[in-house]
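Engineer: Have a look at the structure that comes next, please.
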Amino acid sequence: MTGVSRMAARPSMQELIRQRRRAGFVGRGDERAAFRRNLDLAPEDERHRFLFHVHGNAGVGKTFLVRELEQVAREKGAFTAYVDESVGSVPEALAAISRQLGAQGCRFKELERLLATHRERRREAEAAAVATLEAEPEGPSAGSMAAARAGLAGLGMVPGVGAFAGALDAAQLAQGADRLRAGLGARFRSQEDVQLVMHPERVLTPVLLNELTDAAAAAPWIVLFFDTYERTGQFLDGWLHEVMTGDRYGTLPATVVVVTAGQHLFDTARWGAFADFMTDVPLGPFTEAEARGLLAGKGVVAEPVVEEVLRLTGGLPVLVSTLAEQRPTDPGDIGDPSATAVERFLKWEHDPVRRSAALACSLPRQLDMDVFRAAVDCPDDEVEQLFAWLRSLPFVTDRGDRLRYHDLVREAMLRMQRGRSPRGWVQQQARLARIFGEWRAESEAGRADGELWADEEWRELRLAESYHLLCAQARVALPLVLRDFMDACDTDDVTAARWARTLLDAGRDGDTEAVSRWGSELSRRLTEGGVPAALARLLSRAALDEPVQAHARVVRGSALRRLGALEEALREYDQAVALNTGLARAYRGRSYVRGELGDYEAAVDDLDQALALEPDNAAAHSVRGEYHRVLNHGDEALRDLDKGIELDPAHHLAWASRGAVRLTRGELDSALADLDRALDLKPDYTWALVRRARVWRGLGDPARQLADLDRAVTLQPDWPWGRCERGDALRNAGRLEESLRDYDHVLALAPDYASAHASRGAALSQLGRFEEALSALNRALDLDPTYTWALCRRAETHLALAAFDAALADAERACASNPDDERARAVRERVRGVAG
């Protein structure tokens, strides 16, 4: 009975032959066999390999082999996931893995939850990148709300986009990182949320590894495939190396096998030490035996036909496979040897509708059913059948939601159509551009311009429209697409890179050198120096009229400001204003830079100009109100903040700033109401929490004061002003040792923070550590010689040491620096009384 069961379980010869012929894949037998043998070895076996790297030139069949290896893995009972260039970051790759393994019964619930949170927090951070400046004039953290979107890219946290080269030194980069961290810390409720934006792989990868470990209990193997590695490796390679060889993120189950496939060899500098645990799989053209085997598998056996196919294709697998699918039976079917490869591919397709559809569908860069209908002229009742036929072609990759031609086949088809009928080429490309333009216009209905660039669907349609316009009429379309590139730069670095890629593709496919050159140059500049470098090149080389130049200057200034390159940003805004005196955004941007530089008078002047042009801009009113507050222009501040709140009652900065003005005026109840409202709108608004803590202090409620400060420090532990304020509250509560810990933390972050030195000196004096206190107070007064409060504290410390002359000198200096300070006068009287 057992023997019968074994016989029944074993597949027949016919079944095995059918499996080997599956999907027309006959070649690469050695590579498939090596991979299959590897899955027969236990992970503990020294012969087992954890990584396979498939590499070779375009068209050698890397993707075909990878898909075949995936099928081999599934036959062995493995869970599998496939990632290609449709992902653009580590989180996107993890989302693809989670989605595919989930479809096989491995639901990665925690990873899915965190990925959803990552996407939400990233959108919030990008929104913060263009939000109103939140000035923080106290202490060295002024302007700490750096724009998260460009800040991420500028600090090297967006894959494939380098930091702006040349504009920042190491200190500026560190300062930019502090501002970014502070801004995200204030915005998000937990440090995990901050990390999900700044370093998502640090949060997501340990969860992936844990869930892979759980999944490994349900299958003998988990095989992860990373295709088109020449592109995806730019952001995946370092991460994958750390996951497989390090323990930073946790441990990877031993039953995981990784397969990568790309055009290049692995980076030996990174992976050299891993050579004993990986298999290198170089792919070249098919051997003659492999090509003959594939042709025979399709019934192509007539020797004259086989010889012509071998001559035509040079053994390139994608071409051999395409020709084999047509099953030619006579050398006459192959036609003139000088004809293009495309003509030979399609010569065996005698149906003119299918032939026409195959060519027409090579024009779009990718296809879904809607794009197919737009590209192909056929009766409606034939669309479904024709689309199904197209997706079955060996050179068409089906990615579920869209189809793509193999690059080599598509390029050959495009060259043929462009050369055979230049006018027909223009007409077809113009027609597709018009259709995509109509779809894009439909998506714009009822929406403001500012909303469009945030919409992924709109951007996809605009990109497709731009590509086809460039292919149809490059000279007319190029200035328009370069103008769009500026708005793409204003959106985020990844969007800018996609626009540059579209220029590169359209230049190559349309054989237009100027377009190709722009695409190549902008892509390179983005990679090397980010948005500022790309826009600098555009401004120096493109023939832009003055309004467009002004717009580009504003976008570049915004990017530089978010990177912390304030002086250079200021120069860009100056040039924008000179080019277009009616550009309100240029004045607003320059105002924000001047505010961050502490030039509040000039910042107010700029906002005066901006509001003269756009009188109902709520953010400009609110920020000008904040600047007036910093300048102690109380009435002007309230006027602007009232107007800002009237125009936008949901603007948290306006409420918080007005609360701060009312606090200064001693209107504590009104200040509390405003700050409460700001915190209702933004519960994690640390600046408002610290301001409200001052209100609680004024109302004599130290418990609530400390509660707000504790929350602020929890949200933003490395924010000097918030932690120094808590140190002061702890000192006033008599918790001196705790206050010293806060001051020490502040000074580790900001060694020249005068207030922290002074407060630390006061705490040490209260502890009777007078010499240490004098040292701290001396440092504070070195940094700010007119610091009245520090002079008073030093006078009291000298008095405790019976250094009466020094105490009196400090008291006199305090009164001279601030004659209206009642506390300074009181200290002087006390010193005089004791000194006698």
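The chains in the structure tokens are called A, B, ... from first to last as shown; in each chain the residues are counted from 1, and the ligands are counted from 1 in the order shown.
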Quick check for you: according to DSSP on this backbone, which residues of segment 383-540 of chain A are classed as alpha helix (DSSP H)? Reply as an NGL selection string.

Structural biologist: :A and (383-391 or 407-420 or 422-444 or 449-452 or 456-472 or 474-491 or 493-509 or 513-540)

Engineer: Give me the residues within 9 Å of Arg561 of chain A as number ranges by chain, counting only C-alpha atoms and dropping any in the same chain fewer than 2 places off.

Structural biologist: A: 146-147, 556-559, 563-570, 589, 592-593

Engineer: Please list as JSON, numbers by chain every residue within 12 Å of Leu204 of chain A, counting only C-alpha atoms and excluding residues in the same chain fewer than 3 positions away.

Structural biologist: {"A": [90, 91, 92, 93, 94, 95, 98, 108, 110, 111, 112, 113, 114, 115, 116, 117, 118, 192, 193, 195, 196, 197, 198, 199, 200, 201, 207, 208, 209, 210, 211, 239, 243, 249, 250]}

Engineer: Which residues come within 12 Å of Asp214 of chain A, counting only C-alpha atoms, excluding same-chain residues fewer than 6 positions away, as number ranges by chain?

Structural biologist: A: 105-109, 207-208, 222, 252-253, 255

Engineer: From the set A:Cys792, A:Leu597, A:Met416, A:Ala620, which residue has the shortest atom-to-atom contact distance to Glu822 of chain A, counting only C-alpha atoms?

Structural biologist: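 Nearest candidate to Glu822 of chain A out of A:Cys792, A:Leu597, A:Met416, A:Ala620: A:Cys792.
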
Engineer: Record the distance separating atom CA of Gly727 of chain A and atom CA of Arg694 of chain A, expressed in Å with one decimal.

Structural biologist: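 Those two atoms sit 12.9 Å apart.
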